[in-house]
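**Q** There's a structure below that I have some questions on.
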Amino acid sequence: MNTPNSTNTYPHAPGFVAGERPRIVTSRFEHADSFTLERYLATDGYAGLRAALGRPANDVHDEVKNATVLGRGGAGFPAGTKWGLTPQGVFPRYLVVNGDESEPGTYKDRLLMERDPHQLIEGCLIACYAAGLSQCFLYIRGEMALAQERVATALNEAYAAGYVGKNILGSKFSLDIVLHWGAGAYVVGEETALIESLEGNRGMPRLKPPYFPAAIGLYGQPTIVNNVETLANLPWLMRNGAEAYTAIGTKTSPGTRMVAVSGHVKRPGVYEIINGVTTFRDLIYNEEYCGGIRNGNKLKAFVPGGGSAPWFTEDQLDVPFEGPQAGAAGSMLGSGAVMVMDETTDIPAAALTLTRFYAHESCGKCTPCREGGTWLERILSRIVDGKGTDADLAQLVEVGTSICPGDFPHASSKRLGLDAVPFPYKMNTICFVGPSAYAPINSALVLFPEEFAARVTKRTMIPVTAVGAAS
Amino acid sequence: MARLSEENVRLAKEIISRYPRARSATIPLLHLAQQQDGHVTNEAMAHIGELVGATSAEVYGTASFYEMFKFEPVGKYLINICGTMSCALMGAEELMHHAEHRLGVKLGGTTDDGMFTLERAECQAACTEAPCLQVNYRYRFRVTDADFDSLVDDLKAGRLNDEIPAHGTVARVRQHIPVDRGVGAVPPEDVTEAPTWMDGKAAL
């Protein structure tokens with residue numbers, strides 16, 4: 001077995017850790033020049049596109065449907081099904097690629113864009129061909145300078161070589177892929193906000209329904225929004241077929257997925273893991289992955305699916321990377337980001353780092369999120385600073401409930417005799433940013449109530465009603 | 001300098017031509033303005049409005065939503081230290097304290113010589129390499145106090161000029177669609193038919 005930080009990390013791809021597992025989207029990462037057209041063509045590049053163009057578009061769409069390629073952006077909706085939601089006979093339809101990766105803990109799309117931009121371009125071409133989409137906009141997060149440079153270079157190469165643009169590979173298929181880039185706003189990762197931003201507006205989510213921009217999206221036209229990693233799966237799928245794809249992973253969660261594990265582990269890294277079967281215990285403790293908690297410490301809690309996800313503890317270590325199972329256990333897999341906290345972690349302070357993020361990133365459209373997020377941040381800061389009272393704890397729950405009414409999802413805990421409340425939550429906001437501000441607080445309060453109790457001052461309320469009423 | 005230069009207007013028109021509607025180019029053009037002047041000026045926003053068919057207020061409305069656009073001059077180097085969970089767990093707060101002392105400014109401040117602006121940033125998508133920071137959107141991973149000091153020294157001495165352009169430039173490579181290869185953007189109302197390849201037959 002490899003020792004941490006040795007043989008299977010590559011100096012040119014910081015953060016990525018390879019392994020003896022099937023690799024669908026990261027197969028070229030070992031090459032220092034993996035982002036060039038030359039290397040891409042030498043390693044099956046654009047063979048998936050050629051295979052797709054040799055078949056009728058509907059056929060390609062069916063292949064993707066049969067493979068059940070789950071969306072890798074957070075919701076886990078199958079891509080083939082999503083493409084089928086466009087209304088019949090309405091044109092033009094667009095593809096918007098969501099490369100605005102900014103969920104706390106997550107980074108896989110950045111690596112895929114920096115290390116293998118041609119794979120993403122080929123995925124875009126296959127998607128547009130299959131679903132009849134007439135223009136593609138590739139939206140990259142504003143802060144990702146290197147990813148923008150690599151994708152721009154790759155597009156310039158691909159246009160010159162005839163892989164993008166008019167009559168691709170000499171066929172009747174023509175498509176422009178336009179590189180677009182953002183300017184720093186987390187909420188733009190929400191697909192209707194992404195479309196607003198692409199139209200040149202403030203990136204605020206649109207009112208729902210319609211729930212999917214597949215019906216009404218960019219410029220009011222049917223629009224498919226797909227995540228970078230989702231599209232990066234398509235070239236391999238077209239080369240090897242749905243049967244080979246579904247042979248990896250489980251029936252409901254086939255293929256692989258990229259997961260970033262960060263925080264207090266021995267070897268933090270981005271791993272391409274087998275979907276559906278790999279458990280959190282494998283990922284955190286197995287030598288092949290993170291190799292355990294740093295300094296031999298004990299695990300306290302971990303965030304299983306990006307900053308928005310309710311937290312798990314050691315009671316959930318054996319939950320596999322399978323959407324419905326993670327949901328029943330009280331959380332979600334989200335965008336493939338695990339953040340690990342060891343026994344030395346100050347839980348209220350850790351929750352504050354996430355709540356501050358969501359309060360800061362609220363777009364301001366929905367009152368419960370705009371006001372509630374800021375309130376949560378201020379109250380929690382006060383508690384972390386040791387100036388909170390027990391009334392503050394009640395206030396946190398009250399504000400949280402006004403953002404998301406009802407039982408908030410949380411994991412079970414043997415230690416506290418708690419049962420799991422399954423994901424997802426009910427919410428009073430258009431998008432998930434508001435509930436996400438409360439998710440870490442709720443997890444921390446439910447799983448570690450003693451850390452809050454020790455932090456706050458108890459105050460006795462003095463009734464004042466009798467005095468006023470007598471006069 | 002305030003309105004877009006002749007060369008930048010040419011670039012702006014090339015960018016606008018890729019979109020079915022000109023307004024979609026607003027954010028890329030704001031980046032172009034910031035690249036030109038180091039921050040986005042009122043005159044540039046008015047000029048962008050003329051180019052995309054919006055009022056200057058509408059352009060400002062869009063620009064003010066996004067964190068990367070600055071409306072006042074900032075330092076030549078904008079140092080963003082990530083403070084979200086993974087970085088915070090690995091000592092980002094301590095790094096921020098050190099940076100404040102080293103540069104002699106609080107978070108959000110600019111040094112007197114106009115070289116550095118220091119900011120707290122939210123998740124930068126490098127969580128396994130914590131704590132991380134970006135200088136004009138170029139990464140530095142697993143940053144120690146000593147790393148920070150040598151970074152500041154290198155920037156001051158101009159040793160990183162090749163790698164890190166002055167604030168305003170993000171990507172140094174632009175997409176260019178060759179005239180003979182591009183399909184061209186069409187306003188959505190001018191398209192009613194299915195694309196030609198959706199005829200039930202293979203394209204090749």
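Here, A, B, ... name the chains of the structure tokens in the order displayed, residue numbers run from 1 inside each chain, and ligands are numbered from 1 in the same displayed order.
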Quick one: residues within 12 Å of Lys13 in chain B, only C-alpha atoms counted, chain neighbours fewer than 5 positions away excluded, as a list in words?
**A**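 Listed by chain and then number, they are Leu4, Glu6, Glu7, Asn8, Arg18, Tyr19, Ala22, Arg23, Ala25, Thr26, Pro28, Leu29, Leu32, Ile48, Glu50, Leu51 and Val52 of chain B.
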**Q** Using only C-alpha atoms, I'd like every residue of chain B that has an atom within 6 Å of chain A; please write them out as an MDAnalysis selection string.
**A** chainID B and resid 23:24 26 62 65:68 84:86 123 125 127:128 137 170:171 173:175 181:183 191:192 197 200:204
**Q** Which residues come within 6 Å of range 112-118 of chain B, counting only C-alpha atoms, excluding same-chain residues fewer than 5 positions away, as a PyMOL selection string?
**A** chain B and resi 75-79+107
**Q** Neighbours of Glu63 in chain A within 8 Å (only C-alpha atoms; same-chain residues fewer than 3 positions away dropped), as a VMD selection string?
**A** chain A and resid 59 to 60 66 to 67 238 241 to 242
**Q** Any chance you could export the current selection's N, CA and C atoms as a compact mmCIF listing (two decimals), in the first residue's frame?
**A**
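Listed below is the output, out19.txt:
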```txt
# COMPACT_ATOMS: atom_id res chain seq x y z
N ASP A 59 -30.55 7.98 -30.51
CA ASP A 59 -29.84 6.79 -30.07
C ASP A 59 -28.81 7.12 -28.99
N VAL A 60 -28.11 8.22 -29.20
CA VAL A 60 -27.09 8.66 -28.23
C VAL A 60 -27.77 9.05 -26.92
N ASN A 66 -29.86 5.07 -20.55
CA ASN A 66 -29.64 3.70 -20.07
C ASN A 66 -28.50 3.61 -19.07
N ALA A 67 -27.54 4.52 -19.20
CA ALA A 67 -26.38 4.48 -18.30
C ALA A 67 -26.69 5.12 -16.95
N MET A 238 -19.52 7.07 -24.30
CA MET A 238 -19.75 6.83 -25.72
C MET A 238 -18.72 5.87 -26.30
N GLY A 241 -19.85 2.37 -23.88
CA GLY A 241 -21.24 1.93 -23.81
C GLY A 241 -21.82 1.91 -22.41
N ALA A 242 -23.17 1.93 -22.37
CA ALA A 242 -23.89 2.00 -21.10
C ALA A 242 -23.66 0.75 -20.26
```
**Q** Apply DSSP to the structure's backbone, then extract all residues of range 169-385 of chain A labelled alpha helix (DSSP H) and return them as JSON, numbers by chain.
**A** {"A": [191, 192, 193, 194, 195, 196, 197, 198, 228, 229, 230, 231, 232, 234, 235, 236, 237, 238, 239, 240, 241, 242, 243, 244, 245, 246, 280, 281, 282, 283, 284, 285, 323, 324, 325, 326, 327, 328, 347, 348, 349, 350, 351, 352, 353, 354, 355, 356, 357, 358, 359, 360, 361, 367, 368, 369, 370, 371, 372, 373, 374, 375, 376, 377, 378, 379, 380, 381, 382, 383, 384]}
**Q** Output C-alpha atoms for every residue in that selection, as a PDB file, in the first residue's frame.
**A**
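Saved as result.pdb:
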```
ATOM      1  CA  GLU A 191     -29.145  26.861 -12.171  1.00  0.00           C
ATOM      2  CA  THR A 192     -31.719  29.630 -12.621  1.00  0.00           C
ATOM      3  CA  ALA A 193     -29.321  32.142 -11.037  1.00  0.00           C
ATOM      4  CA  LEU A 194     -26.649  30.913 -13.434  1.00  0.00           C
ATOM      5  CA  ILE A 195     -28.968  31.699 -16.330  1.00  0.00           C
ATOM      6  CA  GLU A 196     -29.767  35.159 -14.936  1.00  0.00           C
ATOM      7  CA  SER A 197     -26.039  35.830 -14.652  1.00  0.00           C
ATOM      8  CA  LEU A 198     -25.461  34.615 -18.203  1.00  0.00           C
ATOM      9  CA  VAL A 228     -18.802  19.860 -15.473  1.00  0.00           C
ATOM     10  CA  GLU A 229     -18.179  16.403 -14.009  1.00  0.00           C
ATOM     11  CA  THR A 230     -21.471  15.076 -15.400  1.00  0.00           C
ATOM     12  CA  LEU A 231     -20.460  16.070 -18.931  1.00  0.00           C
ATOM     13  CA  ALA A 232     -16.903  14.787 -18.445  1.00  0.00           C
ATOM     14  CA  LEU A 234     -19.881  11.273 -21.586  1.00  0.00           C
ATOM     15  CA  PRO A 235     -16.779  10.666 -23.771  1.00  0.00           C
ATOM     16  CA  TRP A 236     -15.926   7.481 -21.826  1.00  0.00           C
ATOM     17  CA  LEU A 237     -19.575   6.420 -21.936  1.00  0.00           C
ATOM     18  CA  MET A 238     -19.747   6.829 -25.719  1.00  0.00           C
ATOM     19  CA  ARG A 239     -16.517   4.894 -26.208  1.00  0.00           C
ATOM     20  CA  ASN A 240     -17.433   2.030 -23.897  1.00  0.00           C
ATOM     21  CA  GLY A 241     -21.239   1.933 -23.815  1.00  0.00           C
ATOM     22  CA  ALA A 242     -23.885   1.998 -21.101  1.00  0.00           C
ATOM     23  CA  GLU A 243     -23.326  -1.628 -20.180  1.00  0.00           C
ATOM     24  CA  ALA A 244     -19.678  -1.051 -19.276  1.00  0.00           C
ATOM     25  CA  TYR A 245     -20.665   2.122 -17.398  1.00  0.00           C
ATOM     26  CA  THR A 246     -23.329   0.442 -15.278  1.00  0.00           C
ATOM     27  CA  PHE A 280     -17.360   7.061   4.388  1.00  0.00           C
ATOM     28  CA  ARG A 281     -15.346   4.666   6.566  1.00  0.00           C
ATOM     29  CA  ASP A 282     -13.404   3.492   3.493  1.00  0.00           C
ATOM     30  CA  LEU A 283     -12.779   7.040   2.439  1.00  0.00           C
ATOM     31  CA  ILE A 284     -11.623   8.395   5.789  1.00  0.00           C
ATOM     32  CA  TYR A 285      -9.764   5.393   7.245  1.00  0.00           C
ATOM     33  CA  GLY A 323     -28.002   9.211  -2.626  1.00  0.00           C
ATOM     34  CA  PRO A 324     -31.152   7.618  -1.145  1.00  0.00           C
ATOM     35  CA  GLN A 325     -29.196   5.959   1.681  1.00  0.00           C
ATOM     36  CA  ALA A 326     -27.451   9.183   2.644  1.00  0.00           C
ATOM     37  CA  GLY A 327     -30.867  10.923   2.507  1.00  0.00           C
ATOM     38  CA  ALA A 328     -32.491   8.384   4.820  1.00  0.00           C
ATOM     39  CA  ILE A 347     -17.773  22.744  17.144  1.00  0.00           C
ATOM     40  CA  PRO A 348     -19.599  26.114  17.495  1.00  0.00           C
ATOM     41  CA  ALA A 349     -16.623  27.873  15.856  1.00  0.00           C
ATOM     42  CA  ALA A 350     -16.566  25.331  13.019  1.00  0.00           C
ATOM     43  CA  ALA A 351     -20.291  25.810  12.406  1.00  0.00           C
ATOM     44  CA  LEU A 352     -19.722  29.565  12.342  1.00  0.00           C
ATOM     45  CA  THR A 353     -17.250  29.301   9.426  1.00  0.00           C
ATOM     46  CA  LEU A 354     -19.998  27.767   7.307  1.00  0.00           C
ATOM     47  CA  THR A 355     -22.857  29.977   8.509  1.00  0.00           C
ATOM     48  CA  ARG A 356     -20.711  33.049   7.796  1.00  0.00           C
ATOM     49  CA  PHE A 357     -20.177  31.750   4.264  1.00  0.00           C
ATOM     50  CA  TYR A 358     -23.905  31.389   3.512  1.00  0.00           C
ATOM     51  CA  ALA A 359     -24.836  34.657   5.226  1.00  0.00           C
ATOM     52  CA  HIS A 360     -22.192  36.387   3.100  1.00  0.00           C
ATOM     53  CA  GLU A 361     -23.355  34.689  -0.107  1.00  0.00           C
ATOM     54  CA  THR A 367     -36.213  37.821   3.319  1.00  0.00           C
ATOM     55  CA  PRO A 368     -35.817  34.689   5.499  1.00  0.00           C
ATOM     56  CA  CYS A 369     -32.359  34.082   4.015  1.00  0.00           C
ATOM     57  CA  ARG A 370     -31.181  37.703   3.712  1.00  0.00           C
ATOM     58  CA  GLU A 371     -32.161  38.687   7.246  1.00  0.00           C
ATOM     59  CA  GLY A 372     -32.081  35.251   8.851  1.00  0.00           C
ATOM     60  CA  GLY A 373     -28.610  34.382   7.604  1.00  0.00           C
ATOM     61  CA  THR A 374     -27.134  37.574   9.030  1.00  0.00           C
ATOM     62  CA  TRP A 375     -28.949  37.052  12.332  1.00  0.00           C
ATOM     63  CA  LEU A 376     -27.677  33.507  12.584  1.00  0.00           C
ATOM     64  CA  GLU A 377     -24.119  34.679  11.939  1.00  0.00           C
ATOM     65  CA  ARG A 378     -24.307  37.460  14.542  1.00  0.00           C
ATOM     66  CA  ILE A 379     -25.903  35.340  17.245  1.00  0.00           C
ATOM     67  CA  LEU A 380     -23.519  32.469  16.673  1.00  0.00           C
ATOM     68  CA  SER A 381     -20.503  34.830  16.693  1.00  0.00           C
ATOM     69  CA  ARG A 382     -21.665  36.133  20.049  1.00  0.00           C
ATOM     70  CA  ILE A 383     -21.901  32.595  21.417  1.00  0.00           C
ATOM     71  CA  VAL A 384     -18.476  31.631  20.047  1.00  0.00           C
TER      72      VAL A 384
END
```
**Q** Within range 306-459 of chain A, find each residue whose DSSP state, derived from the backbone, is strand (DSSP E), and express the selection as number ranges by chain.
**A** A: 337-342
**Q** Using CA of Glu43 in chain B and CA of Ala2 in chain B as the two end points, give the distance in Å to one decimal.
**A**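 Answer for the CA of Glu43 in chain B to CA of Ala2 in chain B separation: 5.4 Å.
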**Q** My list of candidates is B:Thr55, B:Asn136, B:Thr169, B:Thr196. Which is closest to Ala33 in chain B when distances are computed with only C-alpha atoms?
**A**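 Answer, going by the shortest atom-to-atom distance: B:Thr169.
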**Q** Between B:Thr111, B:Val59, B:Cys132, B:Glu193, which has the minimum distance to Ile27 in chain B (counting only C-alpha atoms)?
**A** B:Val59
